[in-house]
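Presented below is the structure to which this report refers.
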Amino acid sequence: MLALTLSLAAAVPYAPDEQMDFSIDYLGVTMGRARIAVGRPEGGFLPVMLLARTTGAAAVIDVREQLSSVLDVNTGLPRLFTLDAVEPGYRHTDTARFDRKSNRATVREKGKYDNTYDITVPPGTVDFVALVFQLRTRSLEPGTNHVFPVLFGRKVSRVTATVEGREKVSTPAGEFSTVKVRVPTGLTGKFSEKNPTYVWFSDDARRIVVRLSTDFAIGRAEAELSAYRPGKEEAAAADVGRGQTAPR
């Protein structure tokens, strides 16, 4: 496990306990907060998550979304994906459990109804959160394309992420040199060439998410980085030898 953890730290720009906080603006008004965070490794798997919720004047309507992905530290591919969403009068939880040996996924959709499906997925299939973390490890030179099979609900779509160019971006956390990437899918899991997600990554080895423009539960909005806490490589080693197992 120690060698596994150290290889992860050397190969990727993120580490356990990394945290990115964002303010979400909708039509020029701050309507919510979001966070991208990296947890601690357990048995060769690393949890990463994206959380968003309404705040301020918009908090009278309680909207919360949490997307969590448990990544294999060797491949960066998800073992388990969970979407938990709370909207006025409605709550639903979707999970996808991947079996990489058989190229299958068990999808459970729990809301008004509770149904489970067994579906075939291509090798290398990811979810939305895992896709963002995969992009952090890739070459992001302008003009570069990266193709991913992405699971949304019970459907796998072929998604091409395109690096559109370099931009200076000013945020509450400071000014960053960034690379802008177009991804024809959204946080809500909808495949859309017309209304894609745009992600601005810092143009350095850290590949911090500086800005995110996507479809949140409140509508099309932008999230800008308000605070950043780097990960701690030593946090990974602290979890070695505790007898953890892969998520079930």
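Please note that chains go A, B, ... in the order of the structure tokens, that every chain numbers its residues from 1, and that ligands are numbered from 1 in the order shown.
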
List the neighbours of range 193-203 of chain A out to 9 Å using only C-alpha atoms; skip same-chain residues closer than 5 positions along the sequence, and give me the result as a list in words. Val132, Arg136, Leu140, Arg166, Glu167, Val169, Phe176, Ser177, Thr178, Val179, Lys180, Val181, Arg182, Val183, Pro184, Thr185, Gly186, Leu187, Ile208, Val209, Val210, Arg211, Leu212, Ser213, Thr214, Asp215 and Arg220 of chain A

Got a sec to tell me which of range 39-231 of chain A DSSP assigns to helix (DSSP H, G or I), as a PyMOL selection string? chain A and resi 56-60+128-135

For a quick check of understanding, using only C-alpha atoms, which of A:Glu233, A:Glu222, A:Glu87, A:Asp94 has the smallest distance to Ile24 in chain A?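 Smallest distance to Ile24 in chain A is found for A:Glu222.
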
Return the single residue from A:Glu164, A:Asp114, A:Asp127, A:Glu42 that is closest to Glu141 in chain A, with distances computed using only C-alpha atoms. A:Glu164
